[in-house]
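With mmCIF, N, CA and C atoms inside, this is target_28.cif:
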data_protein
loop_
_atom_site.label_atom_id
_atom_site.label_comp_id
_atom_site.auth_asym_id
_atom_site.auth_seq_id
_atom_site.Cartn_x
_atom_site.Cartn_y
_atom_site.Cartn_z
N MET N 1 -72.58 -34.88 -28.12
CA MET N 1 -73.89 -34.55 -28.64
C MET N 1 -74.72 -33.94 -27.52
N PRO N 2 -75.27 -32.76 -27.72
CA PRO N 2 -76.11 -32.18 -26.68
C PRO N 2 -77.41 -32.96 -26.52
N LEU N 3 -77.81 -33.11 -25.29
CA LEU N 3 -79.06 -33.81 -25.01
C LEU N 3 -80.22 -32.87 -25.30
N ARG N 4 -81.28 -33.41 -25.88
CA ARG N 4 -82.43 -32.57 -26.23
C ARG N 4 -83.23 -32.18 -25.00
N SER N 5 -83.36 -33.09 -24.06
CA SER N 5 -84.14 -32.81 -22.86
C SER N 5 -83.54 -33.60 -21.71
N THR N 6 -83.44 -32.95 -20.58
CA THR N 6 -82.89 -33.63 -19.42
C THR N 6 -83.94 -33.86 -18.35
N SER N 7 -85.17 -33.50 -18.63
CA SER N 7 -86.25 -33.68 -17.68
C SER N 7 -86.69 -35.15 -17.68
N LEU N 8 -86.65 -35.78 -16.51
CA LEU N 8 -87.01 -37.20 -16.41
C LEU N 8 -88.11 -37.39 -15.37
N GLY N 9 -89.10 -38.19 -15.73
CA GLY N 9 -90.11 -38.61 -14.77
C GLY N 9 -89.57 -39.76 -13.93
N ASP N 10 -90.35 -40.21 -12.95
CA ASP N 10 -89.90 -41.27 -12.05
C ASP N 10 -89.57 -42.56 -12.79
N LEU N 11 -90.44 -43.00 -13.70
CA LEU N 11 -90.20 -44.24 -14.42
C LEU N 11 -89.02 -44.08 -15.39
N GLU N 12 -88.92 -42.92 -16.04
CA GLU N 12 -87.78 -42.67 -16.91
C GLU N 12 -86.47 -42.73 -16.12
N ARG N 13 -86.48 -42.15 -14.94
CA ARG N 13 -85.27 -42.17 -14.10
C ARG N 13 -84.93 -43.60 -13.70
N ALA N 14 -85.93 -44.40 -13.36
CA ALA N 14 -85.69 -45.80 -13.00
C ALA N 14 -85.13 -46.59 -14.19
N VAL N 15 -85.66 -46.32 -15.38
CA VAL N 15 -85.15 -46.99 -16.59
C VAL N 15 -83.71 -46.56 -16.86
N MET N 16 -83.43 -45.27 -16.72
CA MET N 16 -82.06 -44.81 -16.93
C MET N 16 -81.11 -45.43 -15.91
N ASP N 17 -81.56 -45.59 -14.67
CA ASP N 17 -80.72 -46.25 -13.66
C ASP N 17 -80.34 -47.65 -14.13
N ILE N 18 -81.28 -48.36 -14.76
CA ILE N 18 -80.99 -49.69 -15.29
C ILE N 18 -79.99 -49.59 -16.43
N LEU N 19 -80.19 -48.66 -17.35
CA LEU N 19 -79.26 -48.52 -18.48
C LEU N 19 -77.85 -48.18 -17.99
N TRP N 20 -77.75 -47.33 -16.97
CA TRP N 20 -76.44 -46.97 -16.44
C TRP N 20 -75.79 -48.14 -15.70
N SER N 21 -76.57 -48.87 -14.94
CA SER N 21 -75.97 -49.92 -14.10
C SER N 21 -75.84 -51.27 -14.80
N GLU N 22 -76.73 -51.57 -15.73
CA GLU N 22 -76.76 -52.90 -16.34
C GLU N 22 -76.39 -52.91 -17.82
N GLY N 23 -76.40 -51.76 -18.47
CA GLY N 23 -76.17 -51.67 -19.91
C GLY N 23 -74.71 -51.75 -20.25
N PRO N 24 -74.38 -51.52 -21.48
CA PRO N 24 -75.23 -51.13 -22.61
C PRO N 24 -75.81 -52.35 -23.33
N GLY N 25 -76.62 -52.06 -24.31
CA GLY N 25 -77.16 -53.10 -25.18
C GLY N 25 -78.30 -53.90 -24.58
N LEU N 26 -79.17 -53.26 -23.83
CA LEU N 26 -80.28 -53.96 -23.20
C LEU N 26 -81.52 -53.91 -24.08
N SER N 27 -82.23 -55.01 -24.12
CA SER N 27 -83.52 -55.06 -24.82
C SER N 27 -84.60 -54.52 -23.88
N VAL N 28 -85.77 -54.31 -24.44
CA VAL N 28 -86.92 -53.90 -23.62
C VAL N 28 -87.16 -54.95 -22.54
N ARG N 29 -87.12 -56.22 -22.92
CA ARG N 29 -87.33 -57.32 -21.96
C ARG N 29 -86.28 -57.28 -20.85
N ASP N 30 -85.01 -57.02 -21.21
CA ASP N 30 -83.94 -56.93 -20.20
C ASP N 30 -84.27 -55.83 -19.18
N VAL N 31 -84.66 -54.68 -19.69
CA VAL N 31 -84.96 -53.54 -18.81
C VAL N 31 -86.15 -53.89 -17.92
N LEU N 32 -87.19 -54.45 -18.51
CA LEU N 32 -88.38 -54.83 -17.74
C LEU N 32 -88.02 -55.83 -16.66
N ASP N 33 -87.23 -56.84 -16.99
CA ASP N 33 -86.82 -57.84 -16.00
C ASP N 33 -86.05 -57.21 -14.84
N HIS N 34 -85.15 -56.30 -15.15
CA HIS N 34 -84.39 -55.62 -14.09
C HIS N 34 -85.31 -54.77 -13.22
N LEU N 35 -86.26 -54.06 -13.85
CA LEU N 35 -87.19 -53.24 -13.08
C LEU N 35 -88.07 -54.10 -12.17
N GLU N 36 -88.53 -55.23 -12.69
CA GLU N 36 -89.41 -56.09 -11.89
C GLU N 36 -88.70 -56.71 -10.70
N ARG N 37 -87.38 -56.84 -10.78
CA ARG N 37 -86.61 -57.35 -9.64
C ARG N 37 -86.58 -56.35 -8.49
N ARG N 38 -86.86 -55.11 -8.81
CA ARG N 38 -86.92 -54.07 -7.78
C ARG N 38 -88.33 -54.06 -7.24
N GLU N 39 -88.48 -54.18 -5.97
CA GLU N 39 -89.77 -54.35 -5.31
C GLU N 39 -90.82 -53.32 -5.70
N HIS N 40 -90.43 -52.06 -5.83
CA HIS N 40 -91.40 -51.00 -6.09
C HIS N 40 -91.78 -50.88 -7.57
N HIS N 41 -91.30 -51.76 -8.40
CA HIS N 41 -91.63 -51.68 -9.83
C HIS N 41 -92.27 -52.98 -10.31
N LYS N 42 -93.23 -53.46 -9.58
CA LYS N 42 -93.97 -54.66 -9.99
C LYS N 42 -95.09 -54.27 -10.94
N GLU N 43 -95.51 -55.24 -11.72
CA GLU N 43 -96.67 -55.11 -12.61
C GLU N 43 -96.52 -54.02 -13.67
N LEU N 44 -95.33 -53.89 -14.21
CA LEU N 44 -95.14 -52.99 -15.34
C LEU N 44 -95.37 -53.78 -16.62
N ALA N 45 -95.97 -53.13 -17.60
CA ALA N 45 -96.27 -53.78 -18.86
C ALA N 45 -95.12 -53.56 -19.85
N TYR N 46 -94.87 -54.57 -20.67
CA TYR N 46 -93.84 -54.50 -21.70
C TYR N 46 -94.03 -53.26 -22.60
N PRO N 47 -95.26 -53.00 -23.09
CA PRO N 47 -95.43 -51.82 -23.95
C PRO N 47 -95.11 -50.50 -23.24
N THR N 48 -95.32 -50.45 -21.93
CA THR N 48 -95.00 -49.24 -21.17
C THR N 48 -93.49 -48.98 -21.21
N ILE N 49 -92.72 -50.02 -20.95
CA ILE N 49 -91.25 -49.88 -20.96
C ILE N 49 -90.76 -49.59 -22.37
N MET N 50 -91.37 -50.22 -23.35
CA MET N 50 -91.01 -49.96 -24.74
C MET N 50 -91.23 -48.47 -25.08
N THR N 51 -92.34 -47.93 -24.64
CA THR N 51 -92.65 -46.52 -24.88
C THR N 51 -91.67 -45.61 -24.15
N VAL N 52 -91.36 -45.93 -22.90
CA VAL N 52 -90.41 -45.12 -22.13
C VAL N 52 -89.05 -45.11 -22.82
N LEU N 53 -88.58 -46.27 -23.25
CA LEU N 53 -87.27 -46.34 -23.92
C LEU N 53 -87.29 -45.56 -25.23
N TYR N 54 -88.38 -45.68 -25.97
CA TYR N 54 -88.50 -44.93 -27.22
C TYR N 54 -88.44 -43.43 -26.95
N ARG N 55 -89.17 -42.97 -25.94
CA ARG N 55 -89.18 -41.54 -25.61
C ARG N 55 -87.81 -41.07 -25.13
N LEU N 56 -87.11 -41.90 -24.36
CA LEU N 56 -85.76 -41.55 -23.92
C LEU N 56 -84.83 -41.41 -25.13
N SER N 57 -85.02 -42.27 -26.12
CA SER N 57 -84.18 -42.17 -27.32
C SER N 57 -84.53 -40.91 -28.11
N LYS N 58 -85.80 -40.53 -28.16
CA LYS N 58 -86.20 -39.30 -28.84
C LYS N 58 -85.67 -38.06 -28.14
N LYS N 59 -85.54 -38.13 -26.81
CA LYS N 59 -84.97 -37.01 -26.05
C LYS N 59 -83.46 -36.94 -26.19
N GLY N 60 -82.85 -37.98 -26.77
CA GLY N 60 -81.40 -38.02 -26.90
C GLY N 60 -80.70 -38.51 -25.65
N ILE N 61 -81.46 -39.06 -24.71
CA ILE N 61 -80.89 -39.52 -23.44
C ILE N 61 -80.47 -40.98 -23.53
N ALA N 62 -81.13 -41.74 -24.39
CA ALA N 62 -80.77 -43.14 -24.63
C ALA N 62 -80.49 -43.32 -26.12
N ASP N 63 -79.56 -44.20 -26.41
CA ASP N 63 -79.28 -44.59 -27.79
C ASP N 63 -79.97 -45.92 -28.04
N ARG N 64 -80.39 -46.14 -29.28
CA ARG N 64 -80.97 -47.43 -29.61
C ARG N 64 -80.40 -47.91 -30.93
N ALA N 65 -80.23 -49.23 -31.01
CA ALA N 65 -79.68 -49.85 -32.21
C ALA N 65 -80.49 -51.11 -32.51
N ARG N 66 -80.73 -51.35 -33.77
CA ARG N 66 -81.50 -52.51 -34.22
C ARG N 66 -80.67 -53.78 -34.01
N ASP N 67 -81.32 -54.80 -33.46
CA ASP N 67 -80.70 -56.12 -33.28
C ASP N 67 -81.73 -57.15 -33.76
N GLY N 68 -81.70 -57.45 -35.06
CA GLY N 68 -82.74 -58.31 -35.63
C GLY N 68 -84.05 -57.56 -35.62
N ARG N 69 -85.06 -58.16 -35.00
CA ARG N 69 -86.37 -57.51 -34.91
C ARG N 69 -86.50 -56.64 -33.66
N ALA N 70 -85.54 -56.73 -32.78
CA ALA N 70 -85.61 -56.00 -31.51
C ALA N 70 -84.72 -54.76 -31.56
N TRP N 71 -84.87 -53.93 -30.56
CA TRP N 71 -83.99 -52.78 -30.35
C TRP N 71 -83.17 -53.03 -29.09
N ARG N 72 -81.94 -52.56 -29.11
CA ARG N 72 -81.07 -52.59 -27.94
C ARG N 72 -80.82 -51.15 -27.52
N TYR N 73 -80.85 -50.92 -26.23
CA TYR N 73 -80.75 -49.56 -25.69
C TYR N 73 -79.52 -49.40 -24.80
N ALA N 74 -78.98 -48.19 -24.81
CA ALA N 74 -77.85 -47.83 -23.95
C ALA N 74 -78.00 -46.37 -23.57
N ALA N 75 -77.43 -45.99 -22.45
CA ALA N 75 -77.43 -44.59 -22.04
C ALA N 75 -76.58 -43.80 -23.04
N ALA N 76 -77.08 -42.66 -23.48
CA ALA N 76 -76.35 -41.81 -24.43
C ALA N 76 -75.30 -40.96 -23.73
N ALA N 77 -75.44 -40.82 -22.42
CA ALA N 77 -74.51 -40.01 -21.64
C ALA N 77 -74.46 -40.58 -20.22
N SER N 78 -73.40 -40.25 -19.51
CA SER N 78 -73.28 -40.69 -18.12
C SER N 78 -74.24 -39.89 -17.25
N ARG N 79 -74.42 -40.36 -16.03
CA ARG N 79 -75.24 -39.62 -15.06
C ARG N 79 -74.71 -38.20 -14.89
N GLU N 80 -73.39 -38.10 -14.81
CA GLU N 80 -72.76 -36.81 -14.59
C GLU N 80 -72.97 -35.87 -15.78
N GLU N 81 -72.87 -36.41 -16.99
CA GLU N 81 -73.11 -35.59 -18.17
C GLU N 81 -74.56 -35.12 -18.24
N LEU N 82 -75.48 -35.99 -17.86
CA LEU N 82 -76.90 -35.62 -17.84
C LEU N 82 -77.16 -34.54 -16.80
N ALA N 83 -76.55 -34.67 -15.63
CA ALA N 83 -76.71 -33.65 -14.59
C ALA N 83 -76.13 -32.31 -15.05
N ALA N 84 -74.97 -32.35 -15.69
CA ALA N 84 -74.35 -31.12 -16.20
C ALA N 84 -75.24 -30.47 -17.25
N SER N 85 -75.82 -31.28 -18.11
CA SER N 85 -76.71 -30.76 -19.14
C SER N 85 -77.95 -30.11 -18.52
N ALA N 86 -78.48 -30.73 -17.47
CA ALA N 86 -79.64 -30.16 -16.78
C ALA N 86 -79.29 -28.82 -16.14
N LEU N 87 -78.11 -28.74 -15.52
CA LEU N 87 -77.68 -27.48 -14.91
C LEU N 87 -77.51 -26.39 -15.97
N ARG N 88 -76.88 -26.77 -17.09
CA ARG N 88 -76.67 -25.80 -18.18
C ARG N 88 -78.01 -25.33 -18.73
N SER N 89 -78.93 -26.25 -18.93
CA SER N 89 -80.24 -25.90 -19.46
C SER N 89 -80.97 -24.95 -18.52
N THR N 90 -80.87 -25.21 -17.22
CA THR N 90 -81.51 -24.34 -16.24
C THR N 90 -80.90 -22.95 -16.26
N LEU N 91 -79.58 -22.87 -16.29
CA LEU N 91 -78.93 -21.56 -16.34
C LEU N 91 -79.26 -20.82 -17.63
N ASP N 92 -79.31 -21.55 -18.74
CA ASP N 92 -79.63 -20.92 -20.03
C ASP N 92 -81.06 -20.37 -20.05
N SER N 93 -81.94 -20.95 -19.24
CA SER N 93 -83.34 -20.51 -19.24
C SER N 93 -83.58 -19.31 -18.32
N VAL N 94 -82.60 -18.95 -17.52
CA VAL N 94 -82.77 -17.83 -16.60
C VAL N 94 -82.76 -16.53 -17.41
N LYS N 95 -83.87 -15.82 -17.36
CA LYS N 95 -83.98 -14.57 -18.10
C LYS N 95 -83.47 -13.40 -17.27
N ALA N 96 -83.41 -13.58 -15.98
CA ALA N 96 -82.94 -12.51 -15.09
C ALA N 96 -81.42 -12.60 -14.97
N ASP N 97 -80.90 -12.03 -13.95
CA ASP N 97 -79.46 -12.01 -13.69
C ASP N 97 -78.97 -13.41 -13.31
N ARG N 98 -78.17 -14.01 -14.19
CA ARG N 98 -77.66 -15.36 -13.93
C ARG N 98 -76.77 -15.40 -12.69
N THR N 99 -75.99 -14.35 -12.50
CA THR N 99 -75.12 -14.30 -11.32
C THR N 99 -75.96 -14.34 -10.04
N ALA N 100 -77.05 -13.59 -10.04
CA ALA N 100 -77.94 -13.58 -8.87
C ALA N 100 -78.54 -14.97 -8.64
N ALA N 101 -78.92 -15.63 -9.71
CA ALA N 101 -79.48 -16.99 -9.59
C ALA N 101 -78.43 -17.93 -9.00
N MET N 102 -77.19 -17.83 -9.48
CA MET N 102 -76.14 -18.70 -8.95
C MET N 102 -75.85 -18.38 -7.48
N LEU N 103 -75.90 -17.11 -7.11
CA LEU N 103 -75.68 -16.75 -5.72
C LEU N 103 -76.77 -17.31 -4.82
N HIS N 104 -78.01 -17.28 -5.26
CA HIS N 104 -79.11 -17.88 -4.48
C HIS N 104 -78.86 -19.37 -4.30
N PHE N 105 -78.43 -20.02 -5.36
CA PHE N 105 -78.12 -21.45 -5.28
C PHE N 105 -77.00 -21.70 -4.27
N LEU N 106 -75.94 -20.90 -4.36
CA LEU N 106 -74.77 -21.10 -3.50
C LEU N 106 -75.05 -20.74 -2.05
N ASP N 107 -75.99 -19.83 -1.81
CA ASP N 107 -76.35 -19.48 -0.43
C ASP N 107 -76.85 -20.70 0.35
N ASP N 108 -77.48 -21.63 -0.35
CA ASP N 108 -78.01 -22.84 0.30
C ASP N 108 -77.04 -24.02 0.27
N ALA N 109 -75.88 -23.83 -0.35
CA ALA N 109 -74.93 -24.93 -0.48
C ALA N 109 -74.27 -25.24 0.87
N SER N 110 -74.03 -26.52 1.07
CA SER N 110 -73.33 -26.96 2.28
C SER N 110 -71.83 -26.68 2.12
N PRO N 111 -71.08 -26.70 3.22
CA PRO N 111 -69.63 -26.52 3.12
C PRO N 111 -68.99 -27.58 2.20
N GLY N 112 -69.49 -28.79 2.24
CA GLY N 112 -68.96 -29.85 1.37
C GLY N 112 -69.23 -29.56 -0.10
N GLU N 113 -70.43 -29.05 -0.38
CA GLU N 113 -70.77 -28.71 -1.77
C GLU N 113 -69.90 -27.56 -2.27
N LEU N 114 -69.64 -26.60 -1.40
CA LEU N 114 -68.76 -25.49 -1.79
C LEU N 114 -67.33 -25.99 -2.03
N ASP N 115 -66.88 -26.93 -1.20
CA ASP N 115 -65.56 -27.53 -1.43
C ASP N 115 -65.52 -28.26 -2.77
N ASP N 116 -66.60 -28.99 -3.09
CA ASP N 116 -66.68 -29.68 -4.39
C ASP N 116 -66.62 -28.68 -5.54
N LEU N 117 -67.33 -27.56 -5.39
CA LEU N 117 -67.34 -26.54 -6.42
C LEU N 117 -65.94 -25.94 -6.60
N ARG N 118 -65.27 -25.64 -5.50
CA ARG N 118 -63.91 -25.10 -5.58
C ARG N 118 -62.98 -26.09 -6.28
N ALA N 119 -63.10 -27.37 -5.95
CA ALA N 119 -62.25 -28.39 -6.57
C ALA N 119 -62.56 -28.50 -8.07
N ALA N 120 -63.83 -28.43 -8.43
CA ALA N 120 -64.21 -28.51 -9.85
C ALA N 120 -63.67 -27.30 -10.61
N LEU N 121 -63.79 -26.11 -10.03
CA LEU N 121 -63.27 -24.91 -10.69
C LEU N 121 -61.75 -25.00 -10.86
N ALA N 122 -61.06 -25.49 -9.84
CA ALA N 122 -59.61 -25.65 -9.94
C ALA N 122 -59.25 -26.64 -11.04
N GLU N 123 -60.03 -27.71 -11.18
CA GLU N 123 -59.77 -28.70 -12.23
C GLU N 123 -60.00 -28.10 -13.62
N VAL N 124 -61.05 -27.31 -13.78
CA VAL N 124 -61.31 -26.64 -15.06
C VAL N 124 -60.17 -25.70 -15.41
N GLU N 125 -59.73 -24.92 -14.43
CA GLU N 125 -58.61 -23.99 -14.67
C GLU N 125 -57.34 -24.75 -15.02
N ARG N 126 -57.10 -25.90 -14.38
CA ARG N 126 -55.91 -26.70 -14.68
C ARG N 126 -55.97 -27.23 -16.10
N ARG N 127 -57.15 -27.70 -16.53
CA ARG N 127 -57.30 -28.24 -17.89
C ARG N 127 -57.12 -27.18 -18.97
N ARG N 128 -57.55 -25.96 -18.66
CA ARG N 128 -57.47 -24.87 -19.65
C ARG N 128 -56.09 -24.23 -19.73
N ALA N 129 -55.27 -24.50 -18.74
CA ALA N 129 -53.92 -23.87 -18.69
C ALA N 129 -52.96 -24.50 -19.68
#
Would you write the structure of this file as structure tokens?
Amino acid sequence: MPLRSTSLGDLERAVMDILWSEGPGLSVRDVLDHLERREHHKELAYPTIMTVLYRLSKKGIADRARDGRAWRYAAAASREELAASALRSTLDSVKADRTAAMLHFLDDASPGELDDLRAALAEVERRRA
């Protein structure tokens, strides 16, 4: 399923980190408890986390399922799938020369990143053969 939006704010990213590391099937309270254990996320309100999870589900980034009166949440895609979707969305939005945009990106790539790209391309070619 394609993700509707891959843009995440800081709190959304922190919530997704919880869903990826502690999920699936977390309640709002579960997510809030995990966030509060992290020093930089003190004093968050339950309704705030409930709203963030709801918005993540509307973006297609989190799945939610009814569990009695509560909702349970899980990541709809892996971190890697979300990153790939963000890259695809960015490339799709380029109105100019996509090749030029990719070349600008690659000009700043480290040797390790270029090696990763070569390995990924080789894997894609192997799968398609």
| task | DSSP on the backbone, then: every residue of chain N marked alpha helix (DSSP H), written as number ranges by chain. | result | N: 10-22, 28-37, 46-58, 79-93, 98-107, 111-128
| field | Surrounding residues of stretch 9-16 of chain N excluding itself and chain neighbours under 4 positions, 6.5 Å, all atoms listed in the file, as a ChimeraX atom specification | value | /N:20-21,52
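As for atom CA of N:Ser27 and atom N of N:Glu81, they are spaced 22.9 Å apart.
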With 5 Å added on each side, what axis-aligned box encloses every listed atom of stretch 111-115 of chain N? Give the centre and edge lengths in Å to one decimal, as lines of an AutoDock Vina configuration file.
center_x = -68.3
center_y = -27.7
center_z = 0.2
size_x = 15.6
size_y = 14.4
size_z = 16.0
| Written as a list in words, what is the full residue list that the PyMOL selection byres ((chain N and resi 31-37) around 8) yields on the file shown? | Ala14, Val15, Ile18, Leu19, Leu26, Ser27, Val28, Arg29, Asp30, Arg38, Glu39, His40, His41, Lys42, Glu43, Leu44, Ala45, Tyr46, Ile49 and Met50 of chain N
| What does the distance between atom CA of N:Ala70 and atom CA of N:Thr51 come to in Å, to one decimal place? |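 Atom CA of N:Thr51 lies 13.5 Å from atom CA of N:Ala70.
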| said: Using Å and a single decimal, report how far atom C of N:Gly60 sits from atom N of N:Glu80. | reply: 13.1 Å
| Using all atoms listed in the file: which of N:Ala96, N:Asp107, N:Tyr73, N:Ala83 has the shortest distance to N:Leu53 |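 Answer, going by the shortest atom-to-atom distance: N:Tyr73.
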